[in-house]
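Here is the structure we will look at, set down as structure tokens.
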Amino acid sequence: MSETWLLDRLLIWIPLVLSLSIHEWAHAACANALGDDTAARQGRLTLNPLEHMDPVGSFLLPLLGIPFGWAKPVPIDFSRFRCGADTGIVLTAAAGPLSNLALALVATLAGALCVGLGTVTPKAGSAAWQLVHTTVLLNLLLACFNLLPIPPLDGSRVVDGLIPGGWRETWDAFARLSPLLLAAVLVVPVLAGGSLLAWPMAWASALLDAAAGVAGSAGSG
Amino acid sequence: MRKRFKTLLLWTLCVVCFLLFYQLANPAPPPRQEYSAFLSDVAAGDAIAEVRIDSNKIRVRRWDGWEYSTLGVVDDEMTQTLSEQGVMIAWGPQPQPFRKLLTVGGPIVLVLALFVYFLKKAQGQTTNALSMRKTTARRIDATTGVSFADVGGCGDAKEHLCDLIDFLDHPDRWVGAGVRLPRGVLLEGPPGCGKTLLARAVAGESKANFYLISASEFVEMFVGVGAARVRDTFETASKNAPAVIFIDELDAVGRRRGSGIGAANDEREQTLNQLLVCMDGFEIRDRVVVIAATNRSDVLDPALLRPGRFDRRIRIEALSASQRREVLAIHTRRMQLGEDLDLGTVAAGTANFSGAELESLVNEAGLRAVRRMRAGGDSKAVLRSFDFTEALACGAEECRRFDCVDALLVESTTQLARPTGKARVRLTLAEGTLVEGELVWADATLLKLRGDGPNESMLVPKQQIRTIEALEGTEWTKDVSPDRLLAHTPELA
């Protein structure tokens, strides 16, 4: 075991907690804007990570190195939406992953900006670049994962809100299999020799390289 | 504003920690040079100040302050040369004290934190088994707001209880006269006569600590819990002496012992035994009084009722007219009374009403008054006498009549019961009609009678029945509906 195992995990855990906070905050903010203040009254409309951390999902699992985790779910009362429950569900649920994507984009831009200004060098040894890289990676991962249409992930709620009446029964039957499906999605890539992180990592690297390249050339040019 | 600041602070802290940890995990190595540069420095003889060798990585610090690292091997000959030059040679990786702290201390702190967390979670579950043996008695403090003035009637009971309260508050007077504190007081009476209300009044009046528990709360699923709870209740009370323990619905545990076989009774009997011992056992607890209330004193175990345990047995009698008037006055205290309302008349017309029934009547009348106020747009709800008459006429009256009819039907049919189970009744209805027939069935509001002729059957609403006469065997008639408002039953002064 590497001597720095805890440090490595902490280096991933910090951006993870911050990203999860933003994710949950986005859910709460969207619901609040649409008319349901249940989450706001419970104090979830905050970026404070301590309010969103769940002892098992945000603390235990990541620090044990298990590449899976969650924050405390945000309570939402669908009947209070001004725009109707269905539209409301879709918007609120989508708000989470979209916020993660937004954060990834922001981090990329910030990184590119710093590179362009010359304050940060995009090489492996730089702490700030590592932060940017990890943030982008984690947020892309969270966004993609949450958009999967498997209950209880956010993607499934989007489907819930959009699904036409005739398909509802099929969807419910599908939903009953969801724990198995979720386990399969998590386990199968590992067994197949790949990693769940493979795609997002590739995208993240591509994105960042592109941004850095653009910024670098813009800065020096 | 503070919250926002706190959040911002946390985020900044997180980012700073991240950068810090990163530096600790990957200390920045000095710039890389070629091995030949190192060799030339060695050859120069006095350029190098310090060398750190970590397997094949060599970190060099020169006298002019410049640091660099290179990859290569330092053999014995070179070591010799370097030491001759006075260079400080160190082997092994760079020691980083903070890193050690974090990598060793960190996991320990983490494990401790998790341990504490799970311990706290587990504690919430284990206390269940232990806490079950604790008493469930609730401590009522003097702010119940009920005093003896709020209890109408019950003159005897109030007197006895006043003595008790005085004994608890000023024991010296009584002890000086050689009198000991009565250990128990049993309040007996039909439902609704004010037993629990009296107990609340005692809690409000007395300065002693008041503990309220219902007898059925002693016993639970697990064996021995009842006895443990009784013990704990008495212990708590004696620790906080002077104290009054009020046990409501004593007949739940106080029934005669040995009346049945089976585990269900064992547990209750154990609890009862413990109660007997605590009340008058080896250790006499001073300045703790038990007041108990029950509807069914006939089923109580005689050992419980002997003097020395429940010394005083107070029967709460049915209310006389003047007592009823008192009760009505208490309940209408906060209401606006009209000039035509005479509580005495109302009291006279409500014979055999218990305190609770009177309270319910007053409430009903109040509801009607409010309804009238809302309909008429008045500002205040004023009680008038017809509110009471209406309240009496409907509601309880109807139910009472139905209950009467039902009770009578049960009695009459059982009196006439034969294997074939026929019952003939003669009914007098409101308009004076006489109906006679064989009782086929009865439900909540109707009776069905089969007449003598073929296909003759009648449905009679119970509401209209005034008299039932059971034929075939008994000459037994009952008038179902006393006209309450007009009848003046003879009363004791």
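Following the order of the structure tokens, chains are lettered A, B, ..., residues in each are numbered from 1, and ligands are numbered from 1.
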Next on the checklist: For a quick test of understanding: name the residues of chain B lying within 6 Å of chain A when counting only C-alpha atoms, and present them as JSON, numbers by chain.
Outcome noted: {"B": [7, 18, 19, 22]}
Kindly save the residues from that selection, with N, CA and C atoms included, as an mmCIF file, in the first residue's frame.
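Okay, part19.cif is ready:
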```
data_model
loop_
_atom_site.group_PDB
_atom_site.id
_atom_site.type_symbol
_atom_site.label_atom_id
_atom_site.label_comp_id
_atom_site.auth_asym_id
_atom_site.auth_seq_id
_atom_site.Cartn_x
_atom_site.Cartn_y
_atom_site.Cartn_z
ATOM 1 N N THR B 7 -19.947 29.364 4.621
ATOM 2 C CA THR B 7 -19.813 28.514 3.443
ATOM 3 C C THR B 7 -18.572 28.885 2.646
ATOM 4 N N PHE B 18 -6.637 21.108 -0.204
ATOM 5 C CA PHE B 18 -6.299 20.329 -1.385
ATOM 6 C C PHE B 18 -4.887 20.641 -1.840
ATOM 7 N N LEU B 19 -4.608 21.913 -1.982
ATOM 8 C CA LEU B 19 -3.276 22.304 -2.472
ATOM 9 C C LEU B 19 -2.194 21.830 -1.516
ATOM 10 N N TYR B 22 -1.715 18.143 -1.723
ATOM 11 C CA TYR B 22 -1.032 17.802 -2.965
ATOM 12 C C TYR B 22 0.465 17.988 -2.824
#
```
The residue from A:Leu16, A:Ala175, A:Cys144, A:Ala29 with the smallest atom-to-atom distance to Leu101 of chain A, counting only C-alpha atoms, is A:Cys144
When DSSP is applied to the backbone of this structure, which of segment 280-338 of chain B are assigned helix (DSSP H, G or I)? Write them out as a ChimeraX atom specification.
/B:280,297-299,302-305,321-331
Counting only C-alpha atoms, the residue among B:Gly176, B:Ala137, B:Asp311, B:Cys162 that lies closest to Ala237 of chain B is B:Ala137
task: Considering only C-alpha atoms, return as a ChimeraX atom specification whatever protein or nucleic-acid residues lie within 9 Å of segment 39-50 of chain B, sequence-local ones (same chain, fewer than 2 positions apart) excluded.
output: /B:35-37,52,59-65,78,81-82,85-90
Please dump the current selection as a PDB file, in the first residue's frame; keep C-alpha atoms.
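Result saved to part-v1.pdb:
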```
ATOM      1  CA  TYR B  35      24.112  13.216 -15.082  1.00  0.00           C
ATOM      2  CA  SER B  36      27.071  14.799 -16.761  1.00  0.00           C
ATOM      3  CA  ALA B  37      26.318  18.056 -15.001  1.00  0.00           C
ATOM      4  CA  ARG B  52      20.915  13.172  -1.078  1.00  0.00           C
ATOM      5  CA  ARG B  59      19.462  15.509  -5.302  1.00  0.00           C
ATOM      6  CA  VAL B  60      22.277  17.966  -5.292  1.00  0.00           C
ATOM      7  CA  ARG B  61      22.580  21.251  -3.497  1.00  0.00           C
ATOM      8  CA  ARG B  62      25.469  23.451  -4.480  1.00  0.00           C
ATOM      9  CA  TRP B  63      27.192  26.053  -2.436  1.00  0.00           C
ATOM     10  CA  ASP B  64      25.807  28.793  -4.595  1.00  0.00           C
ATOM     11  CA  GLY B  65      22.329  27.792  -3.592  1.00  0.00           C
ATOM     12  CA  MET B  78      32.437   8.602  -5.932  1.00  0.00           C
ATOM     13  CA  THR B  81      35.565  11.511  -3.426  1.00  0.00           C
ATOM     14  CA  LEU B  82      32.545  13.352  -2.170  1.00  0.00           C
ATOM     15  CA  GLN B  85      35.430  17.122  -0.527  1.00  0.00           C
ATOM     16  CA  GLY B  86      33.471  17.663   2.665  1.00  0.00           C
ATOM     17  CA  VAL B  87      30.129  17.090   1.063  1.00  0.00           C
ATOM     18  CA  MET B  88      27.219  16.086   3.301  1.00  0.00           C
ATOM     19  CA  ILE B  89      25.933  12.768   2.048  1.00  0.00           C
ATOM     20  CA  ALA B  90      22.471  11.568   2.970  1.00  0.00           C
TER      21      ALA B  90
END
```
* **Non-local contacts of Pro73 of chain A (10 Å; only C-alpha atoms; under 3 positions in same chain excluded) as number ranges by chain** => A: 24, 27-28, 39, 44, 52-54, 70, 76
Please provide the set of residues having any atom within 10 Å of Glu267 of chain B, restricted to only C-alpha atoms, with same-chain residues fewer than 6 positions apart removed, written as a ChimeraX atom specification.
-> /B:219-227,253,273
Inset, instruction - Would you mind writing down, as a ChimeraX atom specification, each residue of segment 54-299 of chain B that DSSP on the backbone assigns to strand (DSSP E or B)? - result: /B:54,57-62,67-71,88-91,138-140,184-188,209-214,243-248,255,288-294
In terms of only C-alpha atoms, the residue from B:Cys193, B:Ala393, B:Ile247, B:Val382 at minimal distance from Ala318 of chain B is B:Cys193
Determine, counting only C-alpha atoms, which protein, DNA and RNA residues have an atom within 12 Å of an atom of His170 of chain B; residues of the same chain fewer than 5 positions away are not included. Present the result as a CSV table (one decimal) with N, CA and C atoms, in the first residue's frame.
```
chain,number,residue,atom,x,y,z
B,162,CYS,N,-57.9,17.2,50.4
B,162,CYS,CA,-57.3,18.4,51.0
B,162,CYS,C,-56.4,18.1,52.2
B,163,ASP,N,-57.0,17.1,53.0
B,163,ASP,CA,-56.2,16.6,54.2
B,163,ASP,C,-54.8,16.1,53.7
B,164,LEU,N,-54.9,15.3,52.7
B,164,LEU,CA,-53.7,14.7,52.2
B,164,LEU,C,-52.7,15.7,51.7
B,165,ILE,N,-53.2,16.7,51.0
B,165,ILE,CA,-52.3,17.7,50.5
B,165,ILE,C,-51.6,18.5,51.6
B,175,VAL,N,-48.0,14.8,62.1
B,175,VAL,CA,-47.1,13.9,62.8
B,175,VAL,C,-47.1,14.2,64.3
B,176,GLY,N,-47.2,15.5,64.6
B,176,GLY,CA,-47.2,15.9,66.0
B,176,GLY,C,-48.4,15.3,66.8
B,181,LEU,N,-49.3,9.3,57.6
B,181,LEU,CA,-49.8,9.6,56.3
B,181,LEU,C,-50.6,8.4,55.7
B,206,SER,N,-51.1,20.9,45.2
B,206,SER,CA,-50.1,20.5,46.1
B,206,SER,C,-48.7,20.9,45.7
B,207,LYS,N,-47.9,21.1,46.6
B,207,LYS,CA,-46.5,21.5,46.3
B,207,LYS,C,-45.7,20.2,46.1
B,208,ALA,N,-46.3,19.1,46.4
B,208,ALA,CA,-45.5,17.8,46.3
B,208,ALA,C,-45.4,17.5,44.8
B,242,PRO,N,-41.5,14.9,49.1
B,242,PRO,CA,-42.9,14.3,49.1
B,242,PRO,C,-43.4,14.2,47.7
B,287,ARG,N,-43.9,9.9,53.0
B,287,ARG,CA,-44.2,11.0,52.2
B,287,ARG,C,-44.3,10.7,50.8
```
* Skipping near chain neighbours, those fewer than 2 positions away, what residues fall within 12 Å of segment 146-157 of chain A using only C-alpha atoms, listed as an MDAnalysis selection string? -> chainID A and resid 20 23:24 27 68:70 73:74 78 85:101 138:144 159:163 171:186
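From atom CA of Arg255 of chain B back to atom CA of Asp301 of chain B, the distance works out to 5.2 Å.
We find atom CA of Arg133 of chain B and atom CA of Leu275 of chain B to be spaced 15.0 Å apart.
Going from atom CA of Gly35 of chain A over to atom CA of Arg4 of chain B, you cover 22.6 Å.
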